[in-house]
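A.B. asks: Sending over a structure as structure tokens; questions will come in a sec.
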2 protein chains.
Amino acid sequence: MTRPTWQRAAARYLPILDWGRRYDGAVLSSDLVAAVIVTIMLIPQSLAYAMLAGLPAEVGLYASVLPLVAYGIFGTSRTLAVGPVAVVSLMTASAIGEIAAQGTATYIAAAMLLALISGLMLIAMGLFRLGFVANFLSHPVISGFITASGLLIAAGQLKYILGVPAGGSTLTEIVTGLASSIGQTNAATLAVGVAVLGFLYFVRLRLKTLLTAAGMTPRGAEFVTKAGPVLAVAGTILATSFFGLGDRGVALVGAIPSGLPVPAIPVLDLELIRALAVPALLISLIGFVESVSVAQTLAAKRRQRIVPDQELIGLGAANIASAISSGYPVTGGFARSVVNFDAGAQTPAAGMFTAIGIAGATLFLTPLLADLPRATLAATIIVAVLSLVDLSALRRVWTYSKIDFSAMAATILGTLFLGVETGVVAGVALSLLLHLYRTSRPHMAVVGNVEGTEHFRNVERHAVTTSPEILSIRVDESLYFANSRYLEDRIAELTADRPELKHLILMCPAVNAIDASALESLEEINHRLDTAGITLHLSEVKGPVMDRLKRSHFLQELTGEVFFSQYQAVKKLGALQAA
Amino acid sequence: MTRPTWQRAAARYLPILDWGRRYDGAVLSSDLVAAVIVTIMLIPQSLAYAMLAGLPAEVGLYASVLPLVAYGIFGTSRTLAVGPVAVVSLMTASAIGEIAAQGTATYIAAAMLLALISGLMLIAMGLFRLGFVANFLSHPVISGFITASGLLIAAGQLKYILGVPAGGSTLTEIVTGLASSIGQTNAATLAVGVAVLGFLYFVRLRLKTLLTAAGMTPRGAEFVTKAGPVLAVAGTILATSFFGLGDRGVALVGAIPSGLPVPAIPVLDLELIRALAVPALLISLIGFVESVSVAQTLAAKRRQRIVPDQELIGLGAANIASAISSGYPVTGGFARSVVNFDAGAQTPAAGMFTAIGIAGATLFLTPLLADLPRATLAATIIVAVLSLVDLSALRRVWTYSKIDFSAMAATILGTLFLGVETGVVAGVALSLLLHLYRTSRPHMAVVGNVEGTEHFRNVERHAVTTSPEILSIRVDESLYFANSRYLEDRIAELTADRPELKHLILMCPAVNAIDASALESLEEINHRLDTAGITLHLSEVKGPVMDRLKRSHFLQELTGEVFFSQYQAVKKLGALQAA
């Protein structure tokens with residue numbers, strides 16, 4: 001059954017049409033349960049991440065309402081939960097920190113604009129299928145960046161645990177700031193901070209086992225555990241009024257305006273747009289890569305499918321929704337999505353119900369949050385981000401590949417000591433450079449015949465027969481601009497010392513592509529060998545590579561032949577020599 | 001026979017020790033003949049290219065003395081002739097034009113400094129074996145850049161043929177300048193320019209045939225032909241004094257100071273060094289690529305060998321020699337090297353004798369050159385550079401690969417309309433981006449067994465047998481960060497619609513490498529398939545790839561097996577299913 005074009009286009013760009021038409025009561029109740037659980041988890045997280053981004057706490061709530069609805073309409077994952085996340089919040093703080101001072105109206109406007117630019121970039125990438133740009137970010141770069149961001153965020157939150165005025169955006173600045181102000185530590189703040197940290201680690205590491213031992217179901221124990229931050233928030237709010245912590249110098253979140261923001265388009269300042277373009281691109285790419293990876297993992301568990309290009313549109317829509325509702329850049333979060341999935345969410349409607357939950361909290365619960373110590377939020381951030389830090393990855397990558405390790409190390413050091421954007425850019429540049437370096441010297445083996453068989457193997461590793469008139473070289477890499485000159489150099493080297501040489505056979509079973517640079521190098525090699533009286537042959541050329549070669553003059557110019565197999569080549573040329 | 005370390009190091013870094021010890025009378029006479037011929041050819045060329053670089057004519061002579069000697073000591077090509085060349089001269093003009101006005105002392109000092117920086121960069125690349133950086137410049141980018149430079153240079157010289165004051169560094173500026181000043185054309189200058197152009201084209205296209213027909217040996221005819229520019233220079237100098245062309249408004253080269261420059265280190269202005277760093281890098285890389293390509297071509301004809309890393313040192317030394325003798329950036333030139341080779345040069349001593357010839361000319365012939373019309377030099381430049389323009393390459397590359405064509409077109413348009421550096425940088429950036437794009441979506445085929453054989457082929461192209469429980473996928477590309485996520489996406493897609501699937505086999509005969517990103521993707525795929533109840537297997541993994549995988553935990557985590565051949569895999573798993 002073929003559907004009209006507009007219907008197919010609508011189904012591609014509006015996944016909601018797909019799951020929406022099969023929605024029923026059973027799915028509804030699953031989605032509602034998940035929404036309640038995620039809402040409870042999101043409230044403290046949203047406040048904390050907004051403050052990490054240098055924004056008023058309520059901005060985190062705003063960024064957790066409309067974006068969930070927008071993603072629900074356009075996104076392809078059934079269970080991804082979008083909203084403020086730690087790394088993107090840090091990147092937001094870093095990008096806007098260069099332009100405006102925290103607490104000013106310009107700062108908030110710039111955050112909205114950043115979300116808008118990022119959203120438009122994501123949608124453009126989705127429409128033009130440019131998602132492959134995210135491939136510039138290799139795993140070691142991403143993982144190094146997240147580890148470094150986690151360390152940087154945790155270090156940056158220590159000032160709230162100590163209750164001291166300190167600042168800084170690089171590790172050096174943060175450590176210097178803390179060192180010079182540690183004498184002003186506020187005892188009450190420190191007590192709250194350490195207590196919450198201890199409580200959260202206890203919840204995370206021990207509570208589940210204890211509850212299960214006490215007879216609770218593993219599922220129930222799991223959810224109580226996830227509610228740890230909410231308990232910490234409630235507990236410290238009560239402690240504040242009970243012990244009068246505000247008067248003892250403990251910094252509190254303070255009055256949060258209740259009510260939802262009126263949708264508005266951010267102010268479009270051209271100067272500001274130019275300044276935010278590069279950070280917005282990095283935020284888009286890193287947010288996209290993280291989000292898609294979470295979505296893929298969850299979709300695979302239920303054999304569902306996500307469409308990366310459409311995910312760009314879903315995340316773009318979420319960011320635009322955030323921008324027009326006084327929010328800031330958002331993306332799919334790991335922890336919240338897993339909770340959503342485990343709580344049984346079936347469709348993005350769960351996200352929409354969560355949005356209603358957060359909207360309700362914004363309207364009715366915010367007066368209760370005024371007494372919340374900032375140290376509590378700092379402690380929840382620290383516990384959350386330290387779980388992102390994966391130092392064992394460094395060791396793993398070191399063992400596996402020194403090249404990948406250096407890209408990772410550069411990203412980590414760059415992020416910690418030079419800044420968030422510099423870190424990513426340095427990592428990307430280095431991984432590109434190293435990739436070119438790695439493929440610029442492909443493995444090439446002189447091969448000979450394994451006697452009595454049709455097989456050819458490396459002369460340095462196997463006992464094989466060769467002839468002084470015929471040189472067979474196997475190239476273990478696609479030929480393209482990064483290695484075409486190396487090929488010329490190596491062949492020049494290998495032929496220079498063989499006065500009796502008459503035939504050179506390039507064995508190409510692992511050559512998946514030959515670009516125009518490599519084609520010209522082959523022409524050059526063919527020509528140079530010709531002037532030296534040596535004939536060039538190819539063997540075992542792959543179908544698609546051969547199709548392309550036929551579109552050039554190379555096969556006409558080639559002094560020798562293209563053989564189906566290396567064995568046929570050596571047999572025929574050997575017979576020629578013998579004759 | 002092993003030699004002491006210092007001797008081996010000396011032999012590596014001082015190729016002169018190799019050819020110098022076997023120098024004899026026969027080689028000497030060959031080298032002397034070649035030197036005389038090259039000297040005659042170089043005099044007009046050096047003057048012309050210096051003026052193209054916006055420098056006084058004598059600077060071209062200075063840059064043709066010491067650099068030849070330095071290259072002779074450190075270079076590995078026996079016949080390469082270094083000195084001023086067209087493209088590098090244009091790049092010099094473009095780089096310094098932004099900093100100083102032509103004709104000022106600052107301009108000349110900046111040219112010397114540019115040569116020094118470029119020389120130091122080349123030596124550093126040679127010592128640290130960073131020559132692979134030149135691989136960033138793909139053939140289409142280089143060829144597009146040279147074509148565009150040729151057109152730009154030719155267009156820029158038209159003002160000297162017309163005798164009008166016009167300027168501009170992009171094609172738009174040059175054409176606008178010419179259009180607005182064409183009314184001021186000087187008739188006598190135009191006559192000289194057109195006459196020389198006509199003469200040079202006659203020499204180039206017809207003279208050789210005529211001389212050979214008249215009984216001259218082909219070799220002799222060849223050399224008379226190469227002397228065309230010298231004849232034009234001599235002829236127009238005589239015409240100037242005979243017809244009093246100077247008084248008729250024909251611009252002349254004017255008094256050239258005779259005598260050689262006193263060696264001196266260029267002024268090291270930090271501000272200037274910073275401004276010249278990027279142009280110096282581009283000049284180094286383009287000069288190196290061009291020079292090595294010429295050197296390889298000539299070395300191959302005599303089955304000699306050049307060492308690219310040592311070539312960097314040779315060219316670096318030549319540039320430093322140029323810098324301290326009041327010269328400007330130099331590199332190995334195509335035309336002069338071919339003449340040197342064809343004239344029978346055997347060793348770099350020919351270059352040293354040429355240097356003595358040019359030094360002699362600088363001392364004794366310069367007074368004769370004052371009456372040389374600039375239009376003559378402009379005409380020799382136009383004829384020389386138009387031979388670099390290769391528009392047929394555009395068509396060739398278009399047919400072969402649209403991706404390579406777009407990098408080439410971007411380079412040409414960028415160079416012509418935005419400037420020389422922008423053109424190269426745009427081309428390099430685009431070719432990198434497109435390379436990633438190309439390899440980011442590798443060819444992957446679902447394969448099945450060709451019945452009755454052990455072969456496996458694409459199910460879409462061949463009649464093969466498959467089973468609903470086993471899915472075999474062949475990946476035709478190395479797996480690395482640019483395509484690892486695509487692999488995840490494709491496998492998610494391919495498994496989503498197969499409810500009966502139990503085993504997935506990745507067939508890897510064309511996978512030459514697996515980097516850390518791809519390893520993580522494989523781990524992720526393994527994990528996701530596991531949660532969906534599908535076992536992942538690999539088959540036909542290459543030796544080096546397997547060695548590396550053994551250094552990770554992947555093989556322990558892999559839910560399935562690694563099979564030596566795809567056939568064994570399917571046989572064993574099929575038997576399992578049947579059981």
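Chain labels A, B, ... are given in the sequence in which chains occur in the structure tokens; within each chain residues are numbered consecutively from 1, and ligands are likewise numbered from 1 in the order shown.
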Select all residues from chain A having any atom no more than 7 Å from an atom of chain B (counting only C-alpha atoms, ignoring ligands), output as number ranges by chain.
C.D. replies: A: 132, 135-136, 138-140, 297, 300-305, 397, 399-401, 404, 437, 440, 476-477, 481-483, 492-493, 496, 510, 512, 516-517, 528, 531-532, 548, 551-552
A.B. asks: With N, CA and C atoms kept, could you save the residues just selected as a CSV table (one decimal), in the first residue's frame?
C.D. replies:
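Done, and the output landed in selection-v1.csv:
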```csv
chain,number,residue,atom,x,y,z
A,132,PHE,N,26.3,13.7,9.8
A,132,PHE,CA,27.6,13.1,9.8
A,132,PHE,C,28.7,14.0,10.4
A,135,ASN,N,30.3,13.2,13.4
A,135,ASN,CA,31.4,12.1,13.4
A,135,ASN,C,32.8,12.7,13.7
A,136,PHE,N,32.9,14.0,13.5
A,136,PHE,CA,34.2,14.7,13.8
A,136,PHE,C,34.6,14.4,15.3
A,138,SER,N,35.2,12.1,17.9
A,138,SER,CA,35.5,10.7,18.1
A,138,SER,C,35.1,10.3,19.5
A,139,HIS,N,34.9,9.0,19.7
A,139,HIS,CA,34.6,8.5,21.1
A,139,HIS,C,35.7,9.0,22.1
A,140,PRO,N,37.0,8.9,21.9
A,140,PRO,CA,37.9,9.3,22.9
A,140,PRO,C,37.8,10.8,23.2
A,297,THR,N,20.8,3.2,22.7
A,297,THR,CA,20.9,2.2,23.7
A,297,THR,C,19.5,1.7,24.2
A,300,ALA,N,17.4,-0.1,21.4
A,300,ALA,CA,17.8,-1.4,21.2
A,300,ALA,C,17.2,-2.4,22.1
A,301,LYS,N,17.0,-2.0,23.4
A,301,LYS,CA,16.5,-2.9,24.4
A,301,LYS,C,15.1,-3.4,24.0
A,302,ARG,N,14.4,-2.6,23.3
A,302,ARG,CA,13.0,-3.0,22.9
A,302,ARG,C,12.9,-3.3,21.4
A,303,ARG,N,14.1,-3.4,20.7
A,303,ARG,CA,14.2,-3.6,19.3
A,303,ARG,C,13.4,-2.5,18.5
A,304,GLN,N,13.5,-1.3,19.0
A,304,GLN,CA,12.9,-0.2,18.3
A,304,GLN,C,13.9,0.5,17.5
A,305,ARG,N,13.5,1.5,16.7
A,305,ARG,CA,14.5,2.1,15.8
A,305,ARG,C,14.4,3.6,16.0
A,397,VAL,N,42.0,3.1,26.8
A,397,VAL,CA,42.3,3.6,25.5
A,397,VAL,C,43.9,3.6,25.3
A,399,THR,N,45.9,1.4,26.4
A,399,THR,CA,46.3,0.0,26.0
A,399,THR,C,45.9,-0.3,24.6
A,400,TYR,N,44.8,0.2,24.2
A,400,TYR,CA,44.3,-0.1,22.8
A,400,TYR,C,45.0,0.6,21.7
A,401,SER,N,45.2,1.9,21.9
A,401,SER,CA,45.8,2.7,20.8
A,401,SER,C,46.4,4.0,21.3
A,404,ASP,N,44.7,7.2,19.7
A,404,ASP,CA,43.5,7.6,20.3
A,404,ASP,C,43.7,8.2,21.7
A,437,TYR,N,47.4,11.0,9.8
A,437,TYR,CA,48.7,10.4,10.0
A,437,TYR,C,48.7,8.9,9.9
A,440,SER,N,48.0,7.7,6.5
A,440,SER,CA,49.0,8.2,5.5
A,440,SER,C,50.2,7.2,5.3
A,476,ASP,N,47.3,-2.5,2.2
A,476,ASP,CA,46.2,-2.8,3.1
A,476,ASP,C,45.4,-1.6,3.5
A,477,GLU,N,45.0,-0.8,2.6
A,477,GLU,CA,44.3,0.5,2.9
A,477,GLU,C,43.7,1.0,1.7
A,481,PHE,N,44.0,10.9,-0.8
A,481,PHE,CA,45.0,11.9,-0.8
A,481,PHE,C,46.0,11.8,0.4
A,482,ALA,N,45.6,11.3,1.5
A,482,ALA,CA,46.5,11.3,2.7
A,482,ALA,C,47.6,10.2,2.5
A,483,ASN,N,47.4,9.2,1.6
A,483,ASN,CA,48.5,8.2,1.5
A,483,ASN,C,49.0,8.0,0.1
A,492,ALA,N,58.8,3.8,-5.2
A,492,ALA,CA,60.1,4.3,-5.7
A,492,ALA,C,61.2,3.6,-4.9
A,493,GLU,N,61.0,3.5,-3.6
A,493,GLU,CA,62.0,2.8,-2.8
A,493,GLU,C,62.2,1.4,-3.1
A,496,ALA,N,63.9,0.8,-6.5
A,496,ALA,CA,65.2,1.4,-6.8
A,496,ALA,C,66.3,0.4,-6.7
A,510,ALA,N,42.2,-5.2,-0.4
A,510,ALA,CA,41.8,-4.3,0.7
A,510,ALA,C,41.6,-2.9,0.4
A,512,ASN,N,39.4,-0.2,-0.7
A,512,ASN,CA,38.0,0.0,-0.8
A,512,ASN,C,37.6,1.2,-1.6
A,516,ALA,N,40.7,10.8,-6.5
A,516,ALA,CA,41.3,11.4,-7.6
A,516,ALA,C,42.8,11.6,-7.4
A,517,SER,N,43.2,11.9,-6.1
A,517,SER,CA,44.6,12.0,-5.8
A,517,SER,C,45.4,10.7,-6.0
A,528,ARG,N,56.3,6.6,-14.3
A,528,ARG,CA,57.7,6.5,-13.8
A,528,ARG,C,58.2,5.1,-14.0
A,531,THR,N,59.1,4.6,-17.6
A,531,THR,CA,60.4,5.2,-18.1
A,531,THR,C,61.6,4.3,-17.5
A,532,ALA,N,61.4,3.6,-16.5
A,532,ALA,CA,62.4,2.7,-15.9
A,532,ALA,C,62.3,1.3,-16.5
A,548,ARG,N,34.9,2.6,-11.0
A,548,ARG,CA,35.3,4.0,-11.1
A,548,ARG,C,36.6,4.2,-12.0
A,551,ARG,N,36.0,4.9,-15.5
A,551,ARG,CA,35.6,6.2,-15.9
A,551,ARG,C,36.8,7.1,-16.1
A,552,SER,N,38.1,6.6,-15.9
A,552,SER,CA,39.3,7.4,-16.2
A,552,SER,C,40.1,6.9,-17.3
```
A.B. asks: Write out as a list in words the residues lying within 7 Å of segment 458-467 of chain A, counting only C-alpha atoms and excluding same-chain residues fewer than 6 positions away.
C.D. replies: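 Contacts, in chain order: Ala445, Val446, Val447, Gly448, Asn449, Val450 and Glu451 of chain A.
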A.B. asks: Keeping only C-alpha atoms, take the residues you just selected and write them out as an mmCIF file, in the first residue's frame.
C.D. replies:
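The new file out27.cif reads:
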```cif
data_model
loop_
_atom_site.group_PDB
_atom_site.id
_atom_site.type_symbol
_atom_site.label_atom_id
_atom_site.label_comp_id
_atom_site.auth_asym_id
_atom_site.auth_seq_id
_atom_site.Cartn_x
_atom_site.Cartn_y
_atom_site.Cartn_z
ATOM 1 C CA ALA A 445 53.599 -5.962 2.232
ATOM 2 C CA VAL A 446 55.823 -7.487 -0.418
ATOM 3 C CA VAL A 447 54.120 -10.835 -1.014
ATOM 4 C CA GLY A 448 55.166 -14.154 -2.482
ATOM 5 C CA ASN A 449 53.446 -17.390 -3.404
ATOM 6 C CA VAL A 450 52.931 -20.069 -0.745
ATOM 7 C CA GLU A 451 54.256 -23.004 -2.742
#
```
A.B. asks: Wanna dump the segment 86-202 of chain A-segment 230-237 of chain A contacts at 8 Å for me, each residue with its shortest atom pair and the distance in Å to one decimal, counting only C-alpha atoms, ordered by chain and number, as a tab-separated table?
C.D. replies:
```
residue	atom	partner	partner_atom	distance
A:Val192	CA	A:Thr236	CA	7.5
A:Val196	CA	A:Ala232	CA	6.3
A:Phe199	CA	A:Ala232	CA	7.6
A:Leu200	CA	A:Ala232	CA	7.6
```
A.B. asks: Using only N, CA and C atoms, please write the residues we just selected to a file, as an mmCIF file, in the first residue's frame.
C.D. replies:
```cif
data_model
loop_
_atom_site.group_PDB
_atom_site.id
_atom_site.type_symbol
_atom_site.label_atom_id
_atom_site.label_comp_id
_atom_site.auth_asym_id
_atom_site.auth_seq_id
_atom_site.Cartn_x
_atom_site.Cartn_y
_atom_site.Cartn_z
ATOM 1 N N VAL A 192 25.969 21.477 55.997
ATOM 2 C CA VAL A 192 24.887 21.080 55.086
ATOM 3 C C VAL A 192 25.468 20.327 53.892
ATOM 4 N N VAL A 196 24.740 16.435 52.994
ATOM 5 C CA VAL A 196 24.011 16.032 51.790
ATOM 6 C C VAL A 196 24.868 15.109 50.934
ATOM 7 N N PHE A 199 24.830 11.798 52.536
ATOM 8 C CA PHE A 199 23.523 11.165 52.386
ATOM 9 C C PHE A 199 23.356 10.618 50.957
ATOM 10 N N LEU A 200 23.706 11.454 49.972
ATOM 11 C CA LEU A 200 23.515 11.027 48.582
ATOM 12 C C LEU A 200 24.384 9.821 48.250
#
```
A.B. asks: Go through A:Phe417, A:Phe202, A:Trp19, A:Tyr71 and flag the residue nearest Thr170 of chain A, using only C-alpha atoms for the distances.
C.D. replies: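 Using only C-alpha atoms, Thr170 of chain A sits closest to A:Phe417.
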A.B. asks: How many Å lie between atom CA of Leu207 of chain A and atom CA of Leu377 of chain A, rounded to one decimal?
C.D. replies: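 We find that atom CA of Leu207 of chain A and atom CA of Leu377 of chain A lie 20.4 Å from each other.
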A.B. asks: Might you pull out every residue within 7 Å of Ile412 of chain B, with only C-alpha atoms counted and same-chain residues fewer than 3 positions away left off, and present them as a PyMOL selection string?
C.D. replies: chain B and resi 144-145+148+408-409+415-416+423
A.B. asks: Near segment 310-321 of chain B, within 9 Å and counting only C-alpha atoms, which residues show up once chain neighbours fewer than 3 positions away are dropped, as a tab-separated table (two decimals) with N, CA and C atoms, in the first residue's frame?
C.D. replies:
```tsv
chain	number	residue	atom	x	y	z
B	12	ARG	N	72.99	10.51	6.31
B	12	ARG	CA	71.55	10.78	6.17
B	12	ARG	C	71.29	12.26	5.93
B	13	TYR	N	71.96	13.11	6.71
B	13	TYR	CA	71.64	14.53	6.64
B	13	TYR	C	72.48	15.29	5.62
B	14	LEU	N	73.56	14.67	5.12
B	14	LEU	CA	74.42	15.35	4.14
B	14	LEU	C	74.63	14.46	2.92
B	15	PRO	N	73.62	14.42	2.04
B	15	PRO	CA	73.75	13.55	0.87
B	15	PRO	C	74.98	13.89	0.02
B	63	ALA	N	68.18	35.18	-5.21
B	63	ALA	CA	67.53	33.94	-4.75
B	63	ALA	C	67.91	32.75	-5.62
B	65	VAL	N	71.25	32.01	-6.26
B	65	VAL	CA	72.67	31.71	-6.05
B	65	VAL	C	72.84	30.76	-4.84
B	66	LEU	N	72.85	31.34	-3.64
B	66	LEU	CA	73.08	30.50	-2.45
B	66	LEU	C	72.09	29.34	-2.27
B	67	PRO	N	70.79	29.54	-2.58
B	67	PRO	CA	69.86	28.42	-2.41
B	67	PRO	C	70.28	27.19	-3.21
B	68	LEU	N	70.83	27.38	-4.42
B	68	LEU	CA	71.28	26.24	-5.21
B	68	LEU	C	72.40	25.49	-4.51
B	69	VAL	N	73.29	26.25	-3.88
B	69	VAL	CA	74.42	25.64	-3.18
B	69	VAL	C	73.90	24.86	-1.96
B	70	ALA	N	73.00	25.50	-1.19
B	70	ALA	CA	72.48	24.86	0.02
B	70	ALA	C	71.73	23.58	-0.34
B	71	TYR	N	70.88	23.64	-1.37
B	71	TYR	CA	70.17	22.43	-1.76
B	71	TYR	C	71.14	21.35	-2.21
B	72	GLY	N	72.20	21.77	-2.91
B	72	GLY	CA	73.20	20.81	-3.37
B	72	GLY	C	73.83	20.03	-2.23
B	73	ILE	N	73.99	20.69	-1.08
B	73	ILE	CA	74.60	20.02	0.07
B	73	ILE	C	73.61	19.10	0.77
B	74	PHE	N	72.34	19.58	0.94
B	74	PHE	CA	71.39	18.85	1.78
B	74	PHE	C	70.33	18.07	1.03
B	75	GLY	N	70.10	18.38	-0.26
B	75	GLY	CA	69.00	17.74	-0.98
B	75	GLY	C	69.34	16.36	-1.48
B	76	THR	N	68.32	15.54	-1.72
B	76	THR	CA	68.58	14.16	-2.16
B	76	THR	C	68.36	13.96	-3.65
B	77	SER	N	67.76	14.92	-4.34
B	77	SER	CA	67.59	14.75	-5.77
B	77	SER	C	68.88	15.14	-6.47
B	82	VAL	N	66.55	24.41	-7.75
B	82	VAL	CA	65.71	25.27	-6.92
B	82	VAL	C	65.92	26.73	-7.28
B	83	GLY	N	64.97	27.56	-6.87
B	83	GLY	CA	65.03	28.99	-7.14
B	83	GLY	C	63.63	29.58	-7.12
B	112	MET	N	62.39	38.55	2.92
B	112	MET	CA	63.51	37.79	3.48
B	112	MET	C	63.04	36.99	4.70
B	115	ALA	N	61.05	33.96	3.80
B	115	ALA	CA	61.91	32.85	3.38
B	115	ALA	C	62.52	32.17	4.60
B	116	LEU	N	62.93	32.98	5.59
B	116	LEU	CA	63.54	32.42	6.80
B	116	LEU	C	62.55	31.54	7.56
B	117	ILE	N	61.33	32.08	7.79
B	117	ILE	CA	60.32	31.32	8.53
B	117	ILE	C	60.00	30.03	7.78
B	118	SER	N	59.79	30.17	6.48
B	118	SER	CA	59.46	29.01	5.67
B	118	SER	C	60.59	27.97	5.74
B	119	GLY	N	61.85	28.44	5.67
B	119	GLY	CA	62.99	27.53	5.76
B	119	GLY	C	63.05	26.80	7.08
B	120	LEU	N	62.82	27.55	8.18
B	120	LEU	CA	62.85	26.91	9.49
B	120	LEU	C	61.71	25.90	9.64
B	121	MET	N	60.53	26.25	9.10
B	121	MET	CA	59.40	25.31	9.18
B	121	MET	C	59.72	24.03	8.41
B	122	LEU	N	60.31	24.17	7.23
B	122	LEU	CA	60.63	23.00	6.43
B	122	LEU	C	61.64	22.11	7.16
B	123	ILE	N	62.66	22.74	7.75
B	123	ILE	CA	63.67	21.95	8.47
B	123	ILE	C	63.04	21.25	9.67
B	124	ALA	N	62.18	21.98	10.40
B	124	ALA	CA	61.52	21.36	11.55
B	124	ALA	C	60.69	20.16	11.09
B	125	MET	N	59.94	20.33	9.99
B	125	MET	CA	59.13	19.21	9.49
B	125	MET	C	60.03	18.04	9.10
B	126	GLY	N	61.18	18.35	8.55
B	126	GLY	CA	62.10	17.29	8.15
B	126	GLY	C	62.67	16.55	9.35
B	127	LEU	N	63.09	17.30	10.36
B	127	LEU	CA	63.70	16.67	11.54
B	127	LEU	C	62.68	15.85	12.31
B	129	ARG	N	60.04	14.53	11.04
B	129	ARG	CA	59.35	13.65	10.09
B	129	ARG	C	57.87	13.99	9.97
B	131	GLY	N	56.56	15.37	7.32
B	131	GLY	CA	56.25	15.59	5.92
B	131	GLY	C	54.84	15.17	5.54
B	263	PRO	N	75.80	38.73	3.05
B	263	PRO	CA	74.92	37.89	3.88
B	263	PRO	C	74.54	38.58	5.18
B	284	SER	N	55.47	26.80	2.34
B	284	SER	CA	56.33	25.64	2.58
B	284	SER	C	55.69	24.38	2.04
B	287	GLY	N	55.21	24.51	-1.84
B	287	GLY	CA	56.53	24.41	-2.46
B	287	GLY	C	57.09	23.00	-2.33
B	288	PHE	N	56.92	22.40	-1.17
B	288	PHE	CA	57.44	21.05	-0.92
B	288	PHE	C	56.74	20.03	-1.83
B	291	SER	N	57.84	20.47	-5.41
B	291	SER	CA	59.24	20.12	-5.59
B	291	SER	C	59.46	18.61	-5.52
B	292	VAL	N	58.84	17.96	-4.53
B	292	VAL	CA	59.01	16.51	-4.39
B	292	VAL	C	58.46	15.78	-5.60
B	306	ILE	N	64.79	9.46	-3.99
B	306	ILE	CA	64.85	10.65	-3.16
B	306	ILE	C	64.22	10.33	-1.81
B	307	VAL	N	64.61	11.06	-0.78
B	307	VAL	CA	64.11	10.82	0.57
B	307	VAL	C	63.27	12.03	0.98
B	324	ILE	N	69.17	34.75	3.99
B	324	ILE	CA	70.35	35.50	4.45
B	324	ILE	C	71.11	36.14	3.29
B	325	SER	N	70.67	35.89	2.04
B	325	SER	CA	71.33	36.56	0.93
B	325	SER	C	70.34	37.47	0.20
B	326	SER	N	69.48	38.13	0.98
B	326	SER	CA	68.53	39.12	0.46
B	326	SER	C	67.58	38.55	-0.59
B	327	GLY	N	67.27	37.27	-0.49
B	327	GLY	CA	66.36	36.66	-1.46
B	327	GLY	C	64.95	36.57	-0.91
B	328	TYR	N	64.16	35.64	-1.45
B	328	TYR	CA	62.79	35.41	-0.99
B	328	TYR	C	62.47	33.92	-1.19
B	329	PRO	N	61.29	33.45	-0.76
B	329	PRO	CA	61.05	32.00	-0.79
B	329	PRO	C	61.30	31.33	-2.14
B	330	VAL	N	61.96	30.17	-2.09
B	330	VAL	CA	62.30	29.42	-3.30
B	330	VAL	C	61.82	27.98	-3.14
B	331	THR	N	61.75	27.29	-4.25
B	331	THR	CA	61.49	25.85	-4.20
B	331	THR	C	61.99	25.21	-5.48
B	332	GLY	N	61.84	23.89	-5.60
B	332	GLY	CA	62.26	23.20	-6.81
B	332	GLY	C	61.31	23.53	-7.95
```
A.B. asks: Just to confirm, what's the straight-line distance from atom CA of Ala188 of chain B to atom CA of Phe243 of chain B in Å (one decimal)?
C.D. replies: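 Separation between atom CA of Ala188 of chain B and atom CA of Phe243 of chain B: 9.9 Å.
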A.B. asks: From a backbone DSSP assignment, name each residue in segment 160-244 of chain B labelled alpha helix (DSSP H), as number ranges by chain.
C.D. replies: B: 160-162, 171-181, 187-202, 208-213, 218-226, 228-243
A.B. asks: Can you tell me how far atom CA of Ile470 of chain B sits from atom CA of Phe564 of chain B, in Å to one decimal?
C.D. replies: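 Going from atom CA of Ile470 of chain B over to atom CA of Phe564 of chain B covers 17.2 Å.
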